[in-house]
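Source file: start30.tsv; contents: TSV, C-alpha atoms.
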chain	number	residue	atom	x	y	z
A	1	MET	CA	119.87	42.44	177.64
A	2	THR	CA	122.47	41.14	175.21
A	3	THR	CA	122.22	42.70	171.74
A	4	LEU	CA	122.88	40.17	169.01
A	5	THR	CA	123.95	41.32	165.56
A	6	THR	CA	124.97	37.83	164.42
A	7	LEU	CA	124.04	34.39	165.63
A	8	THR	CA	127.22	32.44	166.30
A	9	ALA	CA	128.51	30.70	169.40
A	10	GLU	CA	131.31	33.30	169.51
A	11	SER	CA	128.89	36.25	169.35
A	12	ILE	CA	126.91	35.09	172.41
A	13	PRO	CA	128.90	35.63	175.63
A	14	GLY	CA	128.99	32.42	177.67
A	15	TYR	CA	127.20	30.34	175.00
A	16	ARG	CA	126.97	26.64	175.83
A	17	ALA	CA	125.56	23.87	173.68
A	18	GLY	CA	123.36	21.42	175.51
A	19	THR	CA	119.88	20.98	176.92
A	20	TRP	CA	118.38	23.90	178.82
A	21	THR	CA	115.22	23.39	180.87
A	22	VAL	CA	112.85	26.09	182.02
A	23	ASP	CA	113.07	27.50	185.54
A	24	HIS	CA	109.36	27.66	186.40
A	25	ALA	CA	109.91	29.99	189.35
A	26	HIS	CA	111.37	32.64	187.04
A	27	THR	CA	109.24	32.14	183.92
A	28	GLU	CA	105.85	33.43	182.81
A	29	ILE	CA	103.85	32.64	179.70
A	30	GLY	CA	101.02	35.09	179.27
A	31	PHE	CA	98.57	36.58	176.82
A	32	SER	CA	96.38	39.61	176.30
A	33	VAL	CA	93.33	40.27	174.15
A	34	ARG	CA	91.39	43.48	173.59
A	35	HIS	CA	88.06	43.43	175.45
A	36	LEU	CA	85.01	45.62	174.74
A	37	ALA	CA	87.23	47.44	172.22
A	38	ILE	CA	88.50	49.68	175.06
A	39	SER	CA	90.63	47.55	177.41
A	40	LYS	CA	92.63	44.35	177.58
A	41	VAL	CA	92.09	41.08	179.39
A	42	LYS	CA	95.35	39.47	180.45
A	43	GLY	CA	96.11	36.00	181.68
A	44	VAL	CA	98.84	33.45	182.22
A	45	PHE	CA	99.27	29.71	181.98
A	46	ASP	CA	100.33	28.23	185.31
A	47	SER	CA	101.52	24.85	183.97
A	48	PHE	CA	103.94	24.51	181.05
A	49	ASP	CA	107.23	23.00	179.96
A	50	VAL	CA	109.92	24.59	177.80
A	51	VAL	CA	113.11	22.87	176.61
A	52	VAL	CA	115.86	24.48	174.55
A	53	HIS	CA	118.23	22.18	172.67
A	54	ALA	CA	121.18	24.52	172.06
A	55	ALA	CA	123.32	23.28	169.17
A	56	GLU	CA	126.99	24.01	168.54
A	57	ASN	CA	125.73	26.32	165.78
A	58	PRO	CA	122.96	28.44	167.39
A	59	HIS	CA	121.05	28.48	164.09
A	60	ASP	CA	120.52	24.74	164.51
A	61	SER	CA	119.06	25.07	168.02
A	62	ARG	CA	115.51	23.93	168.77
A	63	VAL	CA	112.87	25.11	171.23
A	64	GLU	CA	109.90	23.01	172.35
A	65	VAL	CA	107.02	24.43	174.40
A	66	THR	CA	104.04	22.54	175.82
A	67	ILE	CA	101.29	24.41	177.69
A	68	ASP	CA	98.58	22.78	179.80
A	69	MET	CA	95.48	24.66	178.62
A	70	ALA	CA	93.54	23.76	181.78
A	71	SER	CA	96.03	25.92	183.71
A	72	ILE	CA	94.74	29.15	182.16
A	73	ASN	CA	94.48	31.88	184.79
A	74	THR	CA	92.87	35.27	184.16
A	75	LYS	CA	92.10	35.85	187.87
A	76	ASN	CA	88.41	35.20	187.19
A	77	ALA	CA	87.17	31.62	187.76
A	78	ASP	CA	84.01	31.99	185.66
A	79	ARG	CA	85.95	33.38	182.71
A	80	ASP	CA	88.64	30.70	183.05
A	81	ASN	CA	86.00	27.97	183.07
A	82	HIS	CA	84.41	29.47	179.94
A	83	LEU	CA	87.80	29.57	178.22
A	84	ARG	CA	88.20	25.83	178.90
A	85	THR	CA	84.94	24.99	177.06
A	86	ASN	CA	84.30	24.26	173.39
A	87	ASP	CA	83.58	27.98	172.87
A	88	PHE	CA	87.33	28.56	173.19
A	89	PHE	CA	90.01	25.96	173.87
A	90	ALA	CA	88.00	22.71	174.12
A	91	ILE	CA	90.52	21.37	176.60
A	92	GLU	CA	88.95	17.93	176.96
A	93	GLN	CA	89.71	17.27	173.31
A	94	TYR	CA	92.80	19.51	173.02
A	95	PRO	CA	94.49	19.61	176.44
A	96	THR	CA	97.73	21.24	175.29
A	97	MET	CA	99.03	24.03	173.11
A	98	THR	CA	102.48	23.38	171.65
A	99	PHE	CA	105.19	25.31	169.87
A	100	VAL	CA	108.12	23.69	168.07
A	101	SER	CA	110.73	25.95	166.53
A	102	THR	CA	111.85	25.53	162.94
A	103	GLY	CA	114.55	28.20	162.82
A	104	LEU	CA	116.39	30.92	164.69
A	105	ARG	CA	117.69	34.08	163.02
A	106	VAL	CA	118.75	37.67	163.63
A	107	GLU	CA	117.35	40.51	161.52
A	108	ASP	CA	118.11	44.17	162.27
A	109	ASP	CA	119.26	43.26	165.81
A	110	ALA	CA	115.97	41.41	166.44
A	111	LEU	CA	116.12	37.77	167.48
A	112	LEU	CA	113.45	35.89	165.52
A	113	LEU	CA	112.30	32.39	166.42
A	114	ASP	CA	110.24	30.75	163.67
A	115	GLY	CA	108.13	27.74	164.43
A	116	GLU	CA	104.81	25.96	164.37
A	117	LEU	CA	102.10	26.67	166.94
A	118	THR	CA	99.44	24.03	167.50
A	119	LEU	CA	96.25	25.16	169.24
A	120	ARG	CA	92.95	23.32	169.27
A	121	GLY	CA	94.30	20.79	166.77
A	122	VAL	CA	95.32	23.44	164.21
A	123	THR	CA	98.99	24.02	163.36
A	124	LYS	CA	100.15	27.32	161.87
A	125	PRO	CA	103.56	28.94	161.36
A	126	ILE	CA	104.36	31.86	163.67
A	127	THR	CA	107.40	34.01	164.42
A	128	ILE	CA	108.31	35.07	167.95
A	129	THR	CA	110.25	38.33	168.20
A	130	GLY	CA	112.65	37.89	171.07
A	131	GLU	CA	115.27	39.45	173.25
A	132	PHE	CA	118.17	37.50	174.68
A	133	GLY	CA	118.90	38.39	178.30
A	134	GLY	CA	122.26	36.66	178.51
A	135	ILE	CA	123.99	33.74	180.21
A	136	ILE	CA	125.36	33.77	183.76
A	137	THR	CA	126.42	31.42	186.53
A	138	ASP	CA	124.28	31.87	189.65
A	139	PRO	CA	125.67	31.88	193.24
A	140	TYR	CA	125.06	28.10	193.44
A	141	GLY	CA	127.15	27.29	190.38
A	142	ASN	CA	124.18	26.73	188.02
A	143	VAL	CA	124.48	28.09	184.50
A	144	LYS	CA	121.38	30.15	183.68
A	145	ALA	CA	120.13	31.89	180.55
A	146	ALA	CA	117.20	34.21	179.99
A	147	ALA	CA	115.12	35.30	177.02
A	148	SER	CA	111.80	36.92	176.32
A	149	GLY	CA	109.56	37.01	173.29
A	150	THR	CA	106.28	38.20	171.86
A	151	THR	CA	104.05	37.15	169.00
A	152	VAL	CA	100.58	38.10	167.82
A	153	ILE	CA	98.20	35.45	166.47
A	154	ASN	CA	94.70	35.59	165.05
A	155	ARG	CA	92.73	33.25	167.30
A	156	THR	CA	90.18	32.49	164.56
A	157	ASP	CA	92.98	30.90	162.49
A	158	PHE	CA	93.07	28.24	165.21
A	159	GLY	CA	89.30	27.71	165.42
A	160	VAL	CA	88.86	29.90	168.51
A	161	SER	CA	86.07	32.04	167.09
A	162	TRP	CA	83.51	32.60	169.86
A	163	ASN	CA	82.48	36.24	170.21
A	164	ALA	CA	79.53	38.44	171.10
A	165	ALA	CA	78.29	41.55	169.33
A	166	LEU	CA	78.16	44.81	171.27
A	167	GLU	CA	75.12	47.08	171.21
A	168	THR	CA	77.43	49.97	170.34
A	169	GLY	CA	78.90	48.06	167.41
A	170	GLY	CA	81.91	45.83	167.19
A	171	PHE	CA	82.56	42.72	169.24
A	172	LEU	CA	83.34	41.74	172.81
A	173	LEU	CA	86.77	40.30	171.93
A	174	SER	CA	89.44	41.14	169.41
A	175	ASP	CA	90.58	38.37	167.07
A	176	GLU	CA	94.22	39.31	167.71
A	177	VAL	CA	95.87	37.81	170.76
A	178	THR	CA	99.33	38.82	171.97
A	179	ILE	CA	101.35	35.98	173.51
A	180	THR	CA	104.36	36.79	175.68
A	181	ILE	CA	107.03	34.72	177.34
A	182	ASP	CA	109.65	35.78	179.87
A	183	ALA	CA	111.82	32.78	180.57
A	184	GLN	CA	114.85	31.68	182.52
A	185	PHE	CA	116.58	28.40	181.75
A	186	ALA	CA	119.10	26.14	183.49
A	187	LEU	CA	121.75	24.19	181.62
A	188	GLN	CA	121.19	20.46	182.15
A	189	GLU	CA	123.44	18.61	179.76
A	190	PRO	CA	126.50	20.46	178.58
A	191	THR	CA	127.95	19.10	175.36
A	192	ALA	CA	131.57	18.04	175.68
A	193	ALA	CA	133.96	19.97	173.47
Take the structure from the file and write it as structure tokens.
Amino acid sequence: MTTLTTLTAESIPGYRAGTWTVDHAHTEIGFSVRHLAISKVKGVFDSFDVVVHAAENPHDSRVEVTIDMASINTKNADRDNHLRTNDFFAIEQYPTMTFVSTGLRVEDDALLLDGELTLRGVTKPITITGEFGGIITDPYGNVKAAASGTTVINRTDFGVSWNAALETGGFLLSDEVTITIDAQFALQEPTAA
């Protein structure tokens, strides 16, 4: 992990402006939600696209994420099918979830990516707390970068409000959902100096 105290091209070893595309084989976008108030259900999205437009000034960089909601995978077909319905993601009407960044900053050594998340037709501002893994050239001469991040959203803010009461009190599902991303990127279009 590369610790960033400032966000300049000089402070990021190997920084390159240009377009970086996600390496699907080395990337996972997942989530977890508390279940029965005692455990967590976790899942991933199997189909997604992430593009980073790295600017000469890293503060001006932009990240765009598109997730195919039909690709949800919690290792339980019945649950996945329920999540695709109008009770949850209503994928026929809202087939994708998107994130578009609006700013990148460093606070107290934390890399913060601000942006707008759109889920089920509702757009809300969120902040992803990230870690920058670094930039390296792989054995095949490809320039790669890695980063990870986490954010917590309230699913009811996005109209995902289905739940069931428990006999013991409380509800089947928590409203808070933790979203995580562990990503590797490949430089596609270096910007000429």
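Minimum distance to Leu111 (chain A) across A:Lys124, A:His59, A:His24, A:His53 (counting all atoms listed in the file) occurs at A:His59.
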(Q) Tell me which residues come within 12 Å of (87.0, 31.0, 177.7), as an MDAnalysis selection string, counting all atoms listed in the file in the file's coordinates. (A) chainID A and resid 33 41 43 69:74 76:91 160:163 173
Q) So which residues touch Gly133 (chain A) within 12 Å, counting only C-alpha atoms, skipping near sequence neighbours fewer than 3 positions away, as a list in words? A)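 Selected residues are Met1, Thr2, Thr3, Leu4, Ile12, Pro13, Gly14, Leu111, Gly130, Ile136, Lys144, Ala145, Ala146, Ala147, Ser148, Gly149, Asp182, Ala183, Gln184 and Phe185 of chain A.
Here CA of Leu113 (chain A) is placed at a distance of 19.3 Å from CA of Glu10 (chain A).
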Q | Exercise: region 102-106 of chain A partners within 10 Å, all atoms listed in the file, chain neighbours under 2 positions left out, as a VMD selection string | A | chain A and resid 4 to 7 58 to 64 99 to 100 108 to 116 125 to 130
Q | Atom-to-atom span, CA of Ile135 (chain A) and CA of Thr27 (chain A), Å | A | 15.3 Å
Q.
Quick check, in Å to one decimal: how far apart do CA of Asp46 (chain A) and CA of Gly141 (chain A) lie?
A. 27.3 Å
Q | Spatial neighbours of Ala55 (chain A), 9 Å, only C-alpha atoms, chain gap at least 6 places, as a list in words | A |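 Using only C-alpha atoms, the neighbours found are Arg16, Ala17, Gly18, Thr19, Ser61, Arg62 and Thr191 of chain A.
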